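target34.cif, holding mmCIF, C-alpha atoms and all ligand atoms:
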data_entry
loop_
_atom_site.label_atom_id
_atom_site.label_comp_id
_atom_site.auth_asym_id
_atom_site.auth_seq_id
_atom_site.Cartn_x
_atom_site.Cartn_y
_atom_site.Cartn_z
CA MET A 1 13.53 68.91 -73.73
CA GLU A 2 13.35 72.07 -71.61
CA LYS A 3 16.22 73.52 -73.64
CA THR A 4 14.28 72.98 -76.87
CA TRP A 5 11.09 74.42 -75.36
CA THR A 6 13.01 77.55 -74.31
CA ALA A 7 14.73 77.88 -77.70
CA VAL A 8 11.36 77.65 -79.46
CA ASP A 9 9.88 80.24 -77.11
CA HIS A 10 12.77 82.58 -77.99
CA TYR A 11 12.27 81.92 -81.71
CA LEU A 12 8.53 82.61 -81.50
CA THR A 13 9.07 85.67 -79.33
CA ASP A 14 11.63 87.17 -81.74
CA LEU A 15 9.43 86.39 -84.75
CA LEU A 16 5.95 87.28 -83.50
CA ILE A 17 6.52 89.76 -80.70
CA GLY A 18 9.95 91.36 -81.09
CA SER A 19 11.70 93.49 -78.53
CA ASP A 20 9.34 95.65 -76.53
CA PRO A 21 10.90 98.35 -74.33
CA ALA A 22 8.05 98.52 -71.79
CA LEU A 23 8.04 94.75 -71.29
CA VAL A 24 11.83 94.53 -71.10
CA ASN A 25 11.81 97.41 -68.60
CA ALA A 26 9.22 95.57 -66.48
CA LEU A 27 11.29 92.38 -66.30
CA VAL A 28 14.46 94.34 -65.52
CA GLY A 29 12.56 96.20 -62.78
CA CYS A 30 11.26 92.92 -61.30
CA ASP A 31 14.73 91.43 -61.32
CA ALA A 32 16.34 94.53 -59.77
CA ALA A 33 13.76 94.47 -56.97
CA GLY A 34 14.47 90.80 -56.29
CA LEU A 35 11.07 89.52 -57.44
CA PRO A 36 10.95 85.86 -58.59
CA ALA A 37 11.11 85.29 -62.37
CA ILE A 38 7.67 83.65 -62.60
CA ALA A 39 5.77 86.06 -64.85
CA VAL A 40 3.94 84.63 -67.86
CA SER A 41 6.16 84.08 -70.89
CA PRO A 42 5.95 86.57 -73.81
CA PRO A 43 3.92 84.16 -76.01
CA GLN A 44 1.54 83.47 -73.09
CA GLY A 45 1.19 87.18 -72.34
CA LYS A 46 0.43 87.93 -75.96
CA LEU A 47 -2.14 85.11 -76.09
CA LEU A 48 -4.01 86.73 -73.19
CA SER A 49 -3.76 90.14 -74.86
CA LEU A 50 -5.10 88.81 -78.19
CA MET A 51 -8.01 87.02 -76.46
CA ILE A 52 -8.91 90.26 -74.71
CA ARG A 53 -8.72 92.18 -77.97
CA ALA A 54 -10.85 89.63 -79.84
CA GLN A 55 -13.40 89.76 -77.04
CA ARG A 56 -13.32 93.59 -77.04
CA ALA A 57 -13.06 93.40 -73.26
CA ARG A 58 -13.61 96.68 -71.45
CA ARG A 59 -13.01 95.54 -67.87
CA ILE A 60 -10.29 93.14 -66.73
CA LEU A 61 -9.60 91.65 -63.31
CA GLU A 62 -6.23 90.07 -62.49
CA ILE A 63 -5.55 88.13 -59.29
CA GLY A 64 -1.79 88.06 -58.60
CA THR A 65 0.09 91.08 -59.99
CA LEU A 66 3.73 90.37 -59.10
CA GLY A 67 5.68 93.14 -60.94
CA GLY A 68 2.96 93.93 -63.47
CA TYR A 69 4.41 92.05 -66.45
CA SER A 70 1.20 90.15 -67.25
CA ALA A 71 -0.82 93.26 -66.34
CA ILE A 72 0.93 95.16 -69.15
CA TRP A 73 -0.08 92.46 -71.64
CA LEU A 74 -3.66 92.34 -70.32
CA ALA A 75 -4.13 96.13 -70.28
CA ARG A 76 -2.76 96.47 -73.80
CA GLY A 77 -5.61 94.30 -75.07
CA LEU A 78 -8.27 96.62 -73.63
CA VAL A 79 -10.52 98.73 -75.82
CA PRO A 80 -9.85 102.49 -75.51
CA GLY A 81 -11.23 103.71 -72.19
CA GLY A 82 -11.09 100.20 -70.68
CA ARG A 83 -9.83 99.42 -67.22
CA LEU A 84 -7.74 96.77 -65.45
CA ILE A 85 -7.88 96.11 -61.71
CA THR A 86 -5.11 93.85 -60.45
CA LEU A 87 -4.92 92.38 -56.92
CA GLU A 88 -1.65 91.86 -55.06
CA LEU A 89 -0.90 90.81 -51.47
CA ASP A 90 2.67 92.10 -51.22
CA PRO A 91 3.03 95.92 -51.10
CA LYS A 92 6.57 95.65 -52.47
CA HIS A 93 5.36 93.73 -55.51
CA ALA A 94 2.52 96.23 -55.95
CA ALA A 95 4.97 99.17 -55.88
CA VAL A 96 7.17 97.56 -58.54
CA ALA A 97 4.05 96.85 -60.63
CA SER A 98 2.76 100.41 -60.36
CA ALA A 99 6.13 101.76 -61.52
CA ASN A 100 6.25 99.30 -64.43
CA LEU A 101 2.67 100.08 -65.48
CA ALA A 102 3.39 103.82 -65.34
CA HIS A 103 6.54 103.36 -67.43
CA ALA A 104 4.43 101.43 -69.98
CA GLY A 105 2.06 104.42 -70.22
CA LEU A 106 -0.76 102.45 -68.59
CA ALA A 107 -1.07 104.23 -65.23
CA GLY A 108 -4.40 105.78 -66.22
CA TRP A 109 -5.87 102.44 -67.31
CA THR A 110 -4.84 100.32 -64.37
CA GLU A 111 -5.27 100.09 -60.63
CA VAL A 112 -3.25 97.86 -58.28
CA ARG A 113 -5.21 96.94 -55.14
CA VAL A 114 -3.02 95.78 -52.26
CA GLY A 115 -4.18 93.11 -49.80
CA PRO A 116 -5.28 89.49 -49.67
CA ALA A 117 -7.14 88.86 -52.95
CA ALA A 118 -10.13 87.20 -51.25
CA GLU A 119 -10.68 90.35 -49.19
CA SER A 120 -10.38 92.64 -52.20
CA LEU A 121 -12.83 90.43 -54.12
CA ARG A 122 -15.34 90.48 -51.23
CA GLN A 123 -15.04 94.25 -51.09
CA MET A 124 -15.73 94.58 -54.81
CA ILE A 125 -18.77 92.30 -54.46
CA ALA A 126 -20.05 94.40 -51.56
CA GLU A 127 -19.50 97.59 -53.59
CA GLY A 128 -21.58 96.12 -56.43
CA ILE A 129 -18.74 96.90 -58.83
CA GLU A 130 -19.48 96.62 -62.57
CA PRO A 131 -18.84 93.04 -63.82
CA PHE A 132 -15.55 92.09 -65.46
CA ASP A 133 -15.31 90.78 -69.04
CA PHE A 134 -12.02 88.95 -68.53
CA VAL A 135 -10.44 87.49 -65.39
CA PHE A 136 -6.89 86.15 -65.05
CA ILE A 137 -6.26 84.06 -61.92
CA ASP A 138 -2.52 83.75 -61.15
CA ALA A 139 -1.99 84.32 -57.39
CA ASP A 140 -1.39 81.70 -54.66
CA LYS A 141 -2.55 78.35 -56.05
CA VAL A 142 -4.17 77.25 -52.78
CA GLY A 143 -6.53 80.21 -53.11
CA TYR A 144 -7.83 79.31 -56.60
CA PRO A 145 -11.03 77.50 -55.46
CA GLU A 146 -12.08 80.42 -53.27
CA TYR A 147 -11.14 82.94 -55.98
CA LEU A 148 -13.39 81.12 -58.45
CA GLU A 149 -16.32 81.19 -56.05
CA LEU A 150 -15.90 84.94 -55.51
CA VAL A 151 -15.12 85.74 -59.15
CA MET A 152 -18.43 84.10 -60.18
CA LYS A 153 -20.12 87.04 -58.43
CA LEU A 154 -18.10 89.53 -60.48
CA VAL A 155 -18.74 88.27 -64.02
CA ARG A 156 -21.58 88.21 -66.58
CA PRO A 157 -22.59 85.84 -69.39
CA GLY A 158 -19.83 86.07 -72.00
CA SER A 159 -17.05 86.73 -69.51
CA MET A 160 -13.87 84.65 -69.78
CA ILE A 161 -12.00 83.25 -66.78
CA VAL A 162 -8.40 82.09 -67.40
CA ALA A 163 -6.23 80.42 -64.75
CA ASP A 164 -2.45 79.93 -64.93
CA ASN A 165 -0.35 77.00 -63.68
CA VAL A 166 -3.05 74.33 -63.76
CA ILE A 167 -0.90 71.42 -65.02
CA ARG A 168 2.11 71.49 -62.68
CA ASP A 169 4.46 69.15 -64.56
CA GLY A 170 1.55 66.80 -65.12
CA GLU A 171 0.96 66.23 -61.40
CA VAL A 172 -2.59 67.55 -61.83
CA SER A 173 -3.82 64.16 -63.05
CA ASN A 174 -2.46 62.42 -59.94
CA ALA A 175 -5.47 62.21 -57.61
CA ALA A 176 -3.21 60.88 -54.83
CA SER A 177 -0.74 63.79 -55.03
CA ALA A 178 0.54 64.86 -51.61
CA ASP A 179 1.18 68.40 -52.91
CA PRO A 180 -1.44 70.80 -51.46
CA LEU A 181 -0.97 73.09 -54.47
CA VAL A 182 -1.86 70.24 -56.83
CA GLN A 183 -4.88 69.35 -54.71
CA ALA A 184 -6.04 72.99 -54.78
CA ILE A 185 -5.69 73.14 -58.57
CA ARG A 186 -7.67 69.88 -58.80
CA ARG A 187 -10.42 71.40 -56.65
CA TYR A 188 -10.39 74.46 -58.90
CA LEU A 189 -10.72 72.40 -62.08
CA HIS A 190 -13.44 70.21 -60.56
CA ALA A 191 -15.36 73.32 -59.48
CA VAL A 192 -15.05 74.77 -62.99
CA ALA A 193 -16.17 71.46 -64.52
CA SER A 194 -19.22 71.06 -62.31
CA ASP A 195 -20.45 74.66 -62.53
CA ARG A 196 -23.33 74.71 -65.00
CA ARG A 197 -22.77 78.42 -65.63
CA LEU A 198 -19.33 77.65 -67.14
CA GLU A 199 -18.15 76.03 -70.37
CA SER A 200 -14.49 75.11 -70.00
CA THR A 201 -11.29 73.62 -71.31
CA ALA A 202 -7.63 73.47 -70.32
CA ILE A 203 -4.45 73.04 -72.32
CA GLN A 204 -1.01 71.75 -71.44
CA THR A 205 1.86 74.04 -72.40
CA VAL A 206 5.64 73.73 -72.67
CA GLY A 207 8.07 76.59 -73.06
CA SER A 208 10.53 78.72 -71.13
CA LYS A 209 8.44 78.13 -67.99
CA GLY A 210 8.66 74.35 -68.29
CA TYR A 211 5.64 72.05 -68.47
CA ASP A 212 2.45 73.66 -67.20
CA GLY A 213 -0.85 74.88 -68.59
CA LEU A 214 -3.81 77.22 -68.64
CA SER A 215 -7.53 76.70 -68.11
CA PHE A 216 -10.24 78.68 -69.90
CA ALA A 217 -13.87 79.06 -68.89
CA VAL A 218 -16.61 81.10 -70.52
CA VAL A 219 -19.62 82.17 -68.49
CA THR A 220 -22.76 81.01 -70.32
CA SER A 221 -26.23 82.34 -69.61
CA GLY A 222 -27.16 79.04 -67.88
N1 LIG B 301 0.59 87.51 -62.94
C1 LIG B 301 2.02 87.75 -62.69
C2 LIG B 301 2.63 86.67 -61.81
C3 LIG B 301 1.96 86.51 -60.48
S1 LIG B 301 2.96 85.60 -59.33
C4 LIG B 301 2.73 87.79 -64.04
O1 LIG B 301 2.54 86.85 -64.83
O2 LIG B 301 3.47 88.75 -64.31
C5 LIG B 301 1.83 85.45 -58.01
C6 LIG B 301 1.61 86.75 -57.22
O3 LIG B 301 0.48 86.51 -56.35
C7 LIG B 301 2.77 87.15 -56.32
O4 LIG B 301 3.14 88.49 -56.56
C8 LIG B 301 2.22 87.00 -54.91
O5 LIG B 301 2.70 87.97 -53.99
C9 LIG B 301 0.73 87.19 -55.14
N2 LIG B 301 -0.10 86.61 -54.08
C10 LIG B 301 0.15 85.52 -53.31
N3 LIG B 301 -0.84 85.33 -52.43
C11 LIG B 301 -1.76 86.30 -52.65
C12 LIG B 301 -3.01 86.64 -52.07
N4 LIG B 301 -3.52 85.93 -51.06
N5 LIG B 301 -3.68 87.71 -52.54
C13 LIG B 301 -3.16 88.44 -53.57
N6 LIG B 301 -1.99 88.16 -54.16
C14 LIG B 301 -1.29 87.12 -53.71
C1 LIG B 302 5.54 79.68 -60.56
C2 LIG B 302 5.05 79.99 -61.81
C3 LIG B 302 3.92 80.78 -61.94
O1 LIG B 302 3.41 81.09 -63.16
C4 LIG B 302 3.27 81.26 -60.83
O2 LIG B 302 2.17 82.01 -61.00
C5 LIG B 302 3.75 80.95 -59.56
C6 LIG B 302 4.89 80.17 -59.42
C7 LIG B 302 6.74 78.84 -60.42
O3 LIG B 302 7.27 78.43 -61.47
O4 LIG B 302 7.16 78.59 -59.30
MG MG B 303 1.51 81.96 -63.06
#

Show the structure stored in the file as structure tokens.
Amino acid sequence: MEKTWTAVDHYLTDLLIGSDPALVNALVGCDAAGLPAIAVSPPQGKLLSLMIRAQRARRILEIGTLGGYSAIWLARGLVPGGRLITLELDPKHAAVASANLAHAGLAGWTEVRVGPAAESLRQMIAEGIEPFDFVFIDADKVGYPEYLELVMKLVRPGSMIVADNVIRDGEVSNAASADPLVQAIRRYLHAVASDRRLESTAIQTVGSKGYDGLSFAVVTSG
């Protein structure tokens, strides 16, 4: 089935997205620098971009930059004058991302902050930084529960919080899973579900990245 999923992703990408020099350049740059090929797929990236555009988001926070491929999609959805801050642990990844974002003409819209994401988040909370309209969580999976707790201090009613890789080949529904990543994702989803300030869903996806999924939460006024 994976072959079919990938073929359909290619079909949809050719039809609905087409070839995009900045995005192709970013993936080539990631590959040349030896970064793992784990960026969001083109249809997933465009979904995030369209959600941001529909929401007219002005401020975006990304946790887990890698080489900036998803950051390009996110930043492209911003209203004019908007801003993306993306958090990355590895300085090498951050350098590749900064180059890719600059090549995409997005240097002035984006900022890559290097360091452990939890520390960067705590610093932003301490600074009293303006809340974010859209948050994409895609760094180390074990960190997701802590990232959610911190992100809740950086959002406002109406903000959207999306998390990648929440299905994990279906393992997520196995409460007895011995995989610490699965258990962390389960804690994340349970935290989202039990937080009365959030209204949430999650969807399973197949495609060139296999069988996985995304969760979506909107901050309500409650
Ligand atoms: N969002 C990217 C993919 C991110 S891959 C895209 O779709 O294009 C996950 C990234 O999270 C990696 O670059 C990894 O270095 C980073 N990461 C891992 N642990 C982290 C941490 N504690 N803080 C910040 N980033 C982290
Ligand atoms: C993998 C995929 C991801 O989207 C990610 O953020 C991290 C790892 C993976 O396939 O290993
Ligand atoms: Mg991911």

> What is the distance, in Å and to one decimal place, between atom O5 of ligand LIG 301 (chain B) and atom CA of A:Asp138?
Replying inline: 9.8 Å

> What lies within 8 Å of stretch 194-198 of chain A using all atoms listed in the file, ignoring chain neighbours under 5 positions off, as a PyMOL selection string?
Replying inline: chain A and resi 217-222

> What's the 9 Å shell around A:Leu27, counting only C-alpha atoms, without same-chain residues fewer than 6 positions away, as a ChimeraX atom specification?
Replying inline: /A:37,39,67-69,100

> Mind pulling up the distance from atom CA of A:Leu148 to atom C5 of ligand LIG 301 (chain B)?
Replying inline: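 Straight-line distance from atom C5 of ligand LIG 301 (chain B) to atom CA of A:Leu148 works out to 15.8 Å.
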
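With distances taken over all atoms listed in the file, A:Ile63 is the one residue among A:Ala94, A:Val206, A:Ile63, A:Leu78 lying closest to ligand MG 303 (chain B).
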
> Using all atoms listed in the file, what are the residues with an atom within 9 Å of ligand LIG 302 (chain B), set out as a ChimeraX atom specification?
Replying inline: /A:36-41,64,66,137-141,164-165,168,209-210,212

> In Å, how far is it from atom CA of A:Arg156 to atom CA of A:Ala97?
Replying inline: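 It comes out at 27.7 Å.
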
Using only C-alpha atoms, which protein or nucleic acid residues come within 12 Å of A:Pro43? Drop anything in the same chain fewer than 2 positions from it, and give the result as a compact mmCIF listing (two decimals) with C-alpha atoms, in the coordinates of the input.
# COMPACT_ATOMS: atom_id res chain seq x y z
CA THR A 6 13.01 77.55 -74.31
CA VAL A 8 11.36 77.65 -79.46
CA ASP A 9 9.88 80.24 -77.11
CA HIS A 10 12.77 82.58 -77.99
CA TYR A 11 12.27 81.92 -81.71
CA LEU A 12 8.53 82.61 -81.50
CA THR A 13 9.07 85.67 -79.33
CA ASP A 14 11.63 87.17 -81.74
CA LEU A 15 9.43 86.39 -84.75
CA LEU A 16 5.95 87.28 -83.50
CA ILE A 17 6.52 89.76 -80.70
CA GLY A 18 9.95 91.36 -81.09
CA ALA A 39 5.77 86.06 -64.85
CA VAL A 40 3.94 84.63 -67.86
CA SER A 41 6.16 84.08 -70.89
CA GLY A 45 1.19 87.18 -72.34
CA LYS A 46 0.43 87.93 -75.96
CA LEU A 47 -2.14 85.11 -76.09
CA LEU A 48 -4.01 86.73 -73.19
CA SER A 49 -3.76 90.14 -74.86
CA LEU A 50 -5.10 88.81 -78.19
CA SER A 70 1.20 90.15 -67.25
CA TRP A 73 -0.08 92.46 -71.64
CA THR A 205 1.86 74.04 -72.40
CA VAL A 206 5.64 73.73 -72.67
CA GLY A 207 8.07 76.59 -73.06
CA SER A 208 10.53 78.72 -71.13
CA LYS A 209 8.44 78.13 -67.99

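Here the question is which of A:Ile129, A:Leu87, A:Leu150, A:Leu181 gets nearest to ligand LIG 301 (chain B) using all atoms listed in the file, and that residue is A:Leu87.
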